[in-house]
Amino acid sequence: MGQAKTKINFDSDWSYDPAPQATDFIKLQERYGLYIDGKFKPSENGRSFHTINPATEEKLAEVSEASEKDVNRAVRSAKEAYEKVWSKISPKERGKYVYRIARLIQERAREFAVIETMDGGKPIRESRDIDIPLAAAHFFYYAGWADKLDYAFPGRKTKPLGVAGQIIPWNFPLLMAAWKIAPAIATGNTVVLKPAETTPLTALKLAEVIQEADLPPGVVNIITGAGETGSHLVNHPKVNKIAFTGSTEVGKIIQKSLAGTGKSYTLELGGKAANIIFEDAAIDQAVEGIINGIFFNQGHVCCAGSRLFVQESIADELLRKLQDRMATLIVGDPLDKNSDIGAINSKDQLEKIKFFEKIGVKEGGSIYQPDCTLPKKGFWYPPTLFTDVSQSHRVVQEEIFGPVLAIQTFRTVDEVIQKANNTPYGLSGGVWTEKGSKYFKVTKAIRAGVIWANTFNKFDPASPFGGYKESGVGREGGISGLSAYVELV
Ligand code: NAI
Ligand code: MG
């Protein structure tokens with residue numbers, strides 16, 4: 001018997017066979033209504049818009065645009081549900097409903113992950129392993145608190161605020177819905193939530209889950225639309241609390257219109273985190289942390305490590321290793337399980353990233369992008385580094401919200417602390433060193449809500465999240481996340 005000879009070409013590149021995620025089990029409706037008072041209904045004036053898959057530019061579904069009248073309907077329903085049902089049932093009963101939502105998300109996790117990736121462009125590996133499990137974890141976590149609020153605030157009694165208006169962005173659609181809805185309803189509030197206009201589908205799927213969980217009508221209302229719909233919600237007199245995650249620009253508009261109204265609010269806004277690498281850091285791990293810090297979710301992350309500070313003595317070695325690692329990143333089909341970087345969320349966001357690329361080059365920065373072939377259709381941007389930039393460069397100062405890293409060097413601990421704090425933002429940061437005393441010193445001196453040591457972009461429902469300065473006010477997550485939805489009496 002002859003044996004077939006296999007010819008191995010050792011010079012050829014290693015490449016992966018496609019590993020596509022199946023989508024044939026996904027059932028999207030052609031047209032979605034607004035989820036108000038436990039039912040899906042079209043907008044009163046019949047207006048709608050569509051959402052696309054940013055990796056293919058194909059239309060996925062038609063979605064209703066909520067008018068001022070629709071917002072009024074949703075708030076009325078939330079108010080009634082608050083007064084007649086939700087503020088009356090026992091905390092233990094409330095908890096049961098929240099657990100039920102958590103379990104249904106787990107049961108439908110694959111469906112949620114695939115829809116999240118189709119609607120927003122993020123790699124399936126991330127939506128499958130991070131977004132959806134964390135969303136379920138938030139519901140589980142706050143379900144547990146529902147009947148234990150006396151322990152969260154010893155010696156005090158809690159009172160819910162009433163109706164919460166919640167507005168979320170497009171970068172972590174289901175996860176942000178979970179961050180907002182879970183603590184609000186677990187503490188006895190009712191909700192009107194508005195997802196972002198480019199990524200409404202997992203929130204609408206969540207509305208189906210909430211319906212299936214038999215939540216009393218009106219406890220959670222989910223309405224779709226863009227900024228105008230959002231501003232009707234913010235300015236509605238019967239809304240008692242606003243929770244917003246999004247751009248600093250819109251956050252400021254919201255803060256201004258809430259001033260003097262007596263409404264409570266939490267604002268989770270932009271960031272420009274310093275990721276600091278000391279010469280004694282484990283360098284290969286640090287390289288992985290830098291990659292994760294800036295290229296996770298195409299850099300559409302408010303806490304992204306977008307300003308890298310490297311101690312001068314290791315700068316050359318680290319830059320070489322970082323570029324080598326970037327060259328191995330796979331940019332492409334978000335539904336392929338091998339993809340590291342998916343599609344940019346929208347055409348507008350892609351234009352914004354390209355605008356910053358131009359500015360970075362014009363202001364004298366040196367740009368590095370690995371060779372990679374980007375798909376023809378859809379919105380794509382390669383992983384990018386800027387070197388030869390300093391504190392005053394716009395790519396160092398401003399939030400780009402894309403896969404673009406600006407690198408600077410430093411010599412001393414005090415110098416890097418001063419540089420890290422030289423930003424209008426204060427959301428997150430990272431410190432890499434083998435020396436415990438050093439990361440305690442540096443993390444304490446940096447004014448940011450979350451700072452990771454020898455890791456980056458780690459999230460947990462028990463851990464509070466939020467910013468200083470232009471990164472916002474208030475905290476979400478953990479016990480702090482409970483206090484954002486209750487009055488202590
Ligand atoms: P955005 O802040 O306009 O959108 C966030 C949410 O707010 C969406 O649901 C939107 O419909 C809603 N909204 C917009 N205008 C509103 C208004 N006047 N009143 C109430 N709600 C309103 O963010 P956009 O335009 O999607 O992105 C622009 C930039 O903002 C991005 O390039 C990025 O730099 C930054 N951004 C930051 C986020 C973060 O988590 N830090 C999230 C999203 C965007
Ligand atoms: Mg979309």
# chains A, B, ... in the order shown; residues from 1 in each chain; ligands from 1
$ residues_near_ligand --ligand "ligand 1" --cutoff "6 Å" --atoms "only C-alpha atoms and all ligand atoms" --output "PyMOL selection string"
chain A and resi 167-169+195-197+226-227+230-231+245-247+250+269-270+302+349+399-401
$ residues_around --residues "A:Asp388" --least-positions-apart "6" --cutoff "10 Å" --atoms "only C-alpha atoms" --output "number ranges by chain"
A: 360, 363-367, 406-409
$ write_last_selection --atoms "N, CA and C atoms" --output "tab-separated table (two decimals), in the first residue's frame"
chain	number	residue	atom	x	y	z
A	360	GLY	N	-3.58	62.92	14.05
A	360	GLY	CA	-2.39	62.37	14.69
A	360	GLY	C	-1.17	62.52	13.79
A	363	GLU	N	-0.21	66.24	13.25
A	363	GLU	CA	0.46	66.85	14.40
A	363	GLU	C	1.84	66.26	14.66
A	364	GLY	N	2.32	65.37	13.78
A	364	GLY	CA	3.68	64.90	13.87
A	364	GLY	C	3.86	63.52	14.48
A	365	GLY	N	2.78	62.81	14.77
A	365	GLY	CA	2.90	61.45	15.32
A	365	GLY	C	3.35	60.45	14.26
A	366	SER	N	4.05	59.38	14.69
A	366	SER	CA	4.40	58.30	13.75
A	366	SER	C	3.39	57.18	13.94
A	367	ILE	N	2.87	56.70	12.82
A	367	ILE	CA	1.79	55.72	12.90
A	367	ILE	C	2.30	54.33	12.52
A	406	ALA	N	-1.96	55.48	21.82
A	406	ALA	CA	-0.92	56.52	21.79
A	406	ALA	C	0.13	56.18	22.84
A	407	ILE	N	1.39	56.11	22.41
A	407	ILE	CA	2.45	55.65	23.32
A	407	ILE	C	3.39	56.79	23.70
A	408	GLN	N	3.66	56.90	25.01
A	408	GLN	CA	4.66	57.85	25.50
A	408	GLN	C	5.60	57.12	26.46
A	409	THR	N	6.74	57.72	26.73
A	409	THR	CA	7.65	57.09	27.69
A	409	THR	C	7.79	57.98	28.93
$ closest_residue --among "A:Gly121, A:Pro20, A:Gly449, A:Gly429" --to "ligand 2" --atoms "only C-alpha atoms and all ligand atoms"
A:Gly121
$ residues_near_ligand --ligand "ligand 2" --cutoff "9 Å" --atoms "only C-alpha atoms and all ligand atoms" --output "ChimeraX atom specification"
/A:50-54,57,59-61,116,118-121,170,197-201,345-346
$ write_last_selection --atoms "N, CA and C atoms" --output "compact mmCIF listing (two decimals), in the first residue's frame"
# COMPACT_ATOMS: atom_id res chain seq x y z
N HIS A 50 -34.00 51.60 10.64
CA HIS A 50 -33.53 50.21 10.63
C HIS A 50 -32.14 50.09 11.23
N THR A 51 -31.87 48.88 11.67
CA THR A 51 -30.54 48.61 12.21
C THR A 51 -29.83 47.64 11.27
N ILE A 52 -28.52 47.88 11.09
CA ILE A 52 -27.78 47.06 10.14
C ILE A 52 -26.70 46.25 10.87
N ASN A 53 -26.14 45.30 10.15
CA ASN A 53 -24.97 44.58 10.60
C ASN A 53 -23.76 45.36 10.08
N PRO A 54 -22.94 45.94 10.95
CA PRO A 54 -21.86 46.80 10.46
C PRO A 54 -20.74 46.04 9.74
N GLU A 57 -23.10 45.56 6.24
CA GLU A 57 -24.00 46.66 5.87
C GLU A 57 -25.40 46.17 5.50
N LYS A 59 -29.24 45.08 6.19
CA LYS A 59 -30.30 45.46 7.14
C LYS A 59 -30.71 44.23 7.94
N LEU A 60 -30.85 44.40 9.26
CA LEU A 60 -31.26 43.27 10.10
C LEU A 60 -32.74 43.34 10.48
N ALA A 61 -33.21 44.53 10.81
CA ALA A 61 -34.62 44.66 11.22
C ALA A 61 -35.03 46.12 11.21
N GLU A 116 -25.97 39.97 19.33
CA GLU A 116 -25.12 41.09 19.74
C GLU A 116 -24.02 41.33 18.71
N MET A 118 -24.02 40.33 15.53
CA MET A 118 -24.56 40.75 14.23
C MET A 118 -24.94 42.23 14.23
N ASP A 119 -25.51 42.69 15.33
CA ASP A 119 -26.03 44.05 15.36
C ASP A 119 -24.94 45.09 15.61
N GLY A 120 -23.88 44.69 16.33
CA GLY A 120 -22.89 45.70 16.74
C GLY A 120 -21.50 45.51 16.17
N GLY A 121 -21.18 44.31 15.66
CA GLY A 121 -19.87 44.10 15.02
C GLY A 121 -18.79 43.53 15.92
N TRP A 170 -23.89 52.01 22.52
CA TRP A 170 -23.87 50.90 21.57
C TRP A 170 -22.68 49.97 21.76
N GLU A 197 -29.25 53.65 19.02
CA GLU A 197 -29.94 53.45 17.75
C GLU A 197 -29.25 52.45 16.81
N THR A 198 -27.94 52.23 16.97
CA THR A 198 -27.29 51.26 16.07
C THR A 198 -27.36 49.84 16.62
N THR A 199 -27.72 49.68 17.90
CA THR A 199 -27.70 48.34 18.49
C THR A 199 -28.92 48.06 19.38
N PRO A 200 -30.13 48.12 18.79
CA PRO A 200 -31.32 47.93 19.65
C PRO A 200 -31.73 46.47 19.85
N LEU A 201 -31.13 45.53 19.10
CA LEU A 201 -31.77 44.21 19.01
C LEU A 201 -31.69 43.35 20.27
N ASN A 345 -18.41 49.88 14.85
CA ASN A 345 -19.85 49.82 15.09
C ASN A 345 -20.70 50.55 14.06
N SER A 346 -20.21 51.65 13.51
CA SER A 346 -21.03 52.40 12.55
C SER A 346 -20.11 53.19 11.62
$ select_by_dssp --residues "stretch 250-357 of chain A" --states "alpha helix (DSSP H)" --output "ChimeraX atom specification"
/A:250-258,283-295,315-327,347-357
$ write_last_selection --atoms "C-alpha atoms" --output "PDB file, in the first residue's frame"
ATOM      1  CA  VAL A 250     -24.349  64.322  25.731  1.00  0.00           C
ATOM      2  CA  GLY A 251     -23.694  63.761  29.452  1.00  0.00           C
ATOM      3  CA  LYS A 252     -23.118  67.493  29.843  1.00  0.00           C
ATOM      4  CA  ILE A 253     -26.350  68.324  27.994  1.00  0.00           C
ATOM      5  CA  ILE A 254     -28.246  65.934  30.272  1.00  0.00           C
ATOM      6  CA  GLN A 255     -26.626  67.306  33.422  1.00  0.00           C
ATOM      7  CA  LYS A 256     -27.586  70.843  32.426  1.00  0.00           C
ATOM      8  CA  SER A 257     -31.203  69.941  31.769  1.00  0.00           C
ATOM      9  CA  LEU A 258     -31.454  68.059  35.077  1.00  0.00           C
ATOM     10  CA  ILE A 283       6.843  42.134  29.864  1.00  0.00           C
ATOM     11  CA  ASP A 284       5.049  39.434  27.874  1.00  0.00           C
ATOM     12  CA  GLN A 285       2.034  39.583  30.186  1.00  0.00           C
ATOM     13  CA  ALA A 286       2.092  43.367  29.937  1.00  0.00           C
ATOM     14  CA  VAL A 287       2.009  43.116  26.134  1.00  0.00           C
ATOM     15  CA  GLU A 288      -1.122  40.945  26.384  1.00  0.00           C
ATOM     16  CA  GLY A 289      -2.627  43.479  28.792  1.00  0.00           C
ATOM     17  CA  ILE A 290      -1.901  46.367  26.437  1.00  0.00           C
ATOM     18  CA  ILE A 291      -3.502  44.462  23.542  1.00  0.00           C
ATOM     19  CA  ASN A 292      -6.558  43.643  25.625  1.00  0.00           C
ATOM     20  CA  GLY A 293      -6.663  47.178  27.014  1.00  0.00           C
ATOM     21  CA  ILE A 294      -6.954  48.888  23.662  1.00  0.00           C
ATOM     22  CA  PHE A 295      -8.134  46.343  21.086  1.00  0.00           C
ATOM     23  CA  ALA A 315      10.560  51.096  25.598  1.00  0.00           C
ATOM     24  CA  ASP A 316      12.372  49.662  22.551  1.00  0.00           C
ATOM     25  CA  GLU A 317      11.900  46.047  23.563  1.00  0.00           C
ATOM     26  CA  LEU A 318       8.270  46.558  24.499  1.00  0.00           C
ATOM     27  CA  LEU A 319       7.443  48.399  21.293  1.00  0.00           C
ATOM     28  CA  ARG A 320       8.984  45.607  19.221  1.00  0.00           C
ATOM     29  CA  LYS A 321       7.047  42.924  21.097  1.00  0.00           C
ATOM     30  CA  LEU A 322       3.842  44.933  20.871  1.00  0.00           C
ATOM     31  CA  GLN A 323       4.164  45.373  17.110  1.00  0.00           C
ATOM     32  CA  ASP A 324       4.919  41.661  16.659  1.00  0.00           C
ATOM     33  CA  ARG A 325       1.839  40.783  18.677  1.00  0.00           C
ATOM     34  CA  MET A 326      -0.327  43.253  16.749  1.00  0.00           C
ATOM     35  CA  ALA A 327       0.721  41.588  13.513  1.00  0.00           C
ATOM     36  CA  LYS A 347     -19.971  54.480   9.584  1.00  0.00           C
ATOM     37  CA  ASP A 348     -19.994  57.593  11.797  1.00  0.00           C
ATOM     38  CA  GLN A 349     -17.660  55.999  14.305  1.00  0.00           C
ATOM     39  CA  LEU A 350     -15.319  54.860  11.512  1.00  0.00           C
ATOM     40  CA  GLU A 351     -15.200  58.409  10.189  1.00  0.00           C
ATOM     41  CA  LYS A 352     -14.404  59.709  13.638  1.00  0.00           C
ATOM     42  CA  ILE A 353     -11.491  57.258  14.000  1.00  0.00           C
ATOM     43  CA  LYS A 354     -10.139  58.200  10.552  1.00  0.00           C
ATOM     44  CA  PHE A 355     -10.428  61.869  11.458  1.00  0.00           C
ATOM     45  CA  PHE A 356      -8.214  61.260  14.489  1.00  0.00           C
ATOM     46  CA  GLU A 357      -5.758  59.269  12.377  1.00  0.00           C
TER      47      GLU A 357
END
$ residues_around --residues "A:Arg47" --least-positions-apart "3" --cutoff "8 Å" --atoms "only C-alpha atoms" --output "list in words"
Ser43, Glu44, Ser64, Glu65 and Ala66 of chain A
$ write_last_selection --atoms "C-alpha atoms" --output "compact mmCIF listing (two decimals), in the first residue's frame"
# COMPACT_ATOMS: atom_id res chain seq x y z
CA SER A 43 -44.86 53.90 17.61
CA GLU A 44 -47.97 56.11 17.62
CA SER A 64 -39.88 51.73 15.94
CA GLU A 65 -38.90 55.29 16.74
CA ALA A 66 -40.51 56.44 19.97
$ residues_around --residues "A:Phe465" --least-positions-apart "2" --cutoff "9 Å" --atoms "only C-alpha atoms" --output "JSON, numbers by chain"
{"A": [268, 427, 428, 449, 450, 459, 463, 467, 474, 475, 476, 477, 478, 480, 481]}
$ select_by_dssp --residues "stretch 46-110 of chain A" --states "strand (DSSP E)" --output "list in words"
Ser48, Phe49, His50, Thr51, Ile52, Asn53, Glu58, Lys59, Leu60, Ala61, Glu62, Val63 and Ser64 of chain A
$ write_last_selection --atoms "C-alpha atoms" --output "short mmCIF file (atom, residue, chain, number, x, y, z; two decimals), in the first residue's frame"
data_model
loop_
_atom_site.label_atom_id
_atom_site.label_comp_id
_atom_site.auth_asym_id
_atom_site.auth_seq_id
_atom_site.Cartn_x
_atom_site.Cartn_y
_atom_site.Cartn_z
CA SER A 48 -39.30 53.66 12.34
CA PHE A 49 -35.64 53.24 11.42
CA HIS A 50 -33.53 50.21 10.63
CA THR A 51 -30.54 48.61 12.21
CA ILE A 52 -27.78 47.06 10.14
CA ASN A 53 -24.97 44.58 10.60
CA GLU A 58 -27.05 44.39 5.56
CA LYS A 59 -30.30 45.46 7.14
CA LEU A 60 -31.26 43.27 10.10
CA ALA A 61 -34.62 44.66 11.22
CA GLU A 62 -36.92 47.64 11.24
CA VAL A 63 -37.27 49.25 14.66
CA SER A 64 -39.88 51.73 15.94
#
$ closest_residue --among "A:Lys441, A:Arg156, A:Lys469, A:Lys122" --to "A:His300" --atoms "only C-alpha atoms"
A:Lys122
$ closest_residue --among "A:Pro383, A:Gly305, A:Pro133, A:Gly155" --to "A:Val331" --atoms "only C-alpha atoms"
A:Pro383
$ residues_around --residues "A:Leu193" --least-positions-apart "4" --cutoff "12 Å" --atoms "only C-alpha atoms" --output "MDAnalysis selection string"
chainID A and resid 34:36 66 71 74:75 78 163:169 173:174 176:182 184:185 200 203:204 206:207 218:225 229:230 233:234 239 241:245
$ decode --residues "stretch 75-128 of chain A" --atoms "C-alpha atoms" --output "compact mmCIF listing (two decimals), in the first residue's frame"
# COMPACT_ATOMS: atom_id res chain seq x y z
CA VAL A 75 -43.41 56.66 31.66
CA ARG A 76 -47.10 56.49 32.56
CA SER A 77 -46.96 52.71 32.46
CA ALA A 78 -43.81 52.65 34.61
CA LYS A 79 -45.37 55.05 37.12
CA GLU A 80 -48.54 52.98 37.42
CA ALA A 81 -46.61 49.76 37.78
CA TYR A 82 -44.50 51.41 40.49
CA GLU A 83 -47.45 52.68 42.48
CA LYS A 84 -49.82 49.76 42.10
CA VAL A 85 -47.56 46.73 41.98
CA TRP A 86 -43.82 46.98 42.27
CA SER A 87 -43.57 49.14 45.37
CA LYS A 88 -46.10 46.88 47.08
CA ILE A 89 -44.82 43.36 46.51
CA SER A 90 -42.33 41.87 48.93
CA PRO A 91 -38.61 42.26 48.26
CA LYS A 92 -38.32 38.48 48.13
CA GLU A 93 -40.90 38.33 45.32
CA ARG A 94 -39.03 41.05 43.42
CA GLY A 95 -35.88 39.02 43.75
CA LYS A 96 -37.58 35.95 42.24
CA TYR A 97 -38.42 37.86 39.08
CA VAL A 98 -34.87 39.15 38.75
CA TYR A 99 -33.48 35.62 39.16
CA ARG A 100 -35.86 34.44 36.48
CA ILE A 101 -34.54 37.04 34.03
CA ALA A 102 -30.97 35.97 34.85
CA ARG A 103 -31.73 32.31 34.17
CA LEU A 104 -33.53 33.05 30.91
CA ILE A 105 -30.53 35.06 29.68
CA GLN A 106 -28.31 32.08 30.50
CA GLU A 107 -30.64 29.70 28.70
CA ARG A 108 -30.66 31.89 25.61
CA ALA A 109 -27.03 32.94 25.92
CA ARG A 110 -25.96 31.73 22.48
CA GLU A 111 -28.83 33.48 20.75
CA PHE A 112 -28.06 36.74 22.60
CA ALA A 113 -24.36 36.47 21.73
CA VAL A 114 -24.97 35.94 18.02
CA ILE A 115 -27.47 38.80 17.80
CA GLU A 116 -25.12 41.09 19.74
CA THR A 117 -22.34 40.34 17.29
CA MET A 118 -24.56 40.75 14.23
CA ASP A 119 -26.03 44.05 15.36
CA GLY A 120 -22.89 45.70 16.74
CA GLY A 121 -19.87 44.10 15.02
CA LYS A 122 -18.01 42.78 18.07
CA PRO A 123 -16.21 39.42 17.81
CA ILE A 124 -18.42 36.47 18.76
CA ARG A 125 -15.70 35.31 21.13
CA GLU A 126 -16.25 38.45 23.18
CA SER A 127 -20.05 38.53 23.12
CA ARG A 128 -20.12 34.79 23.93
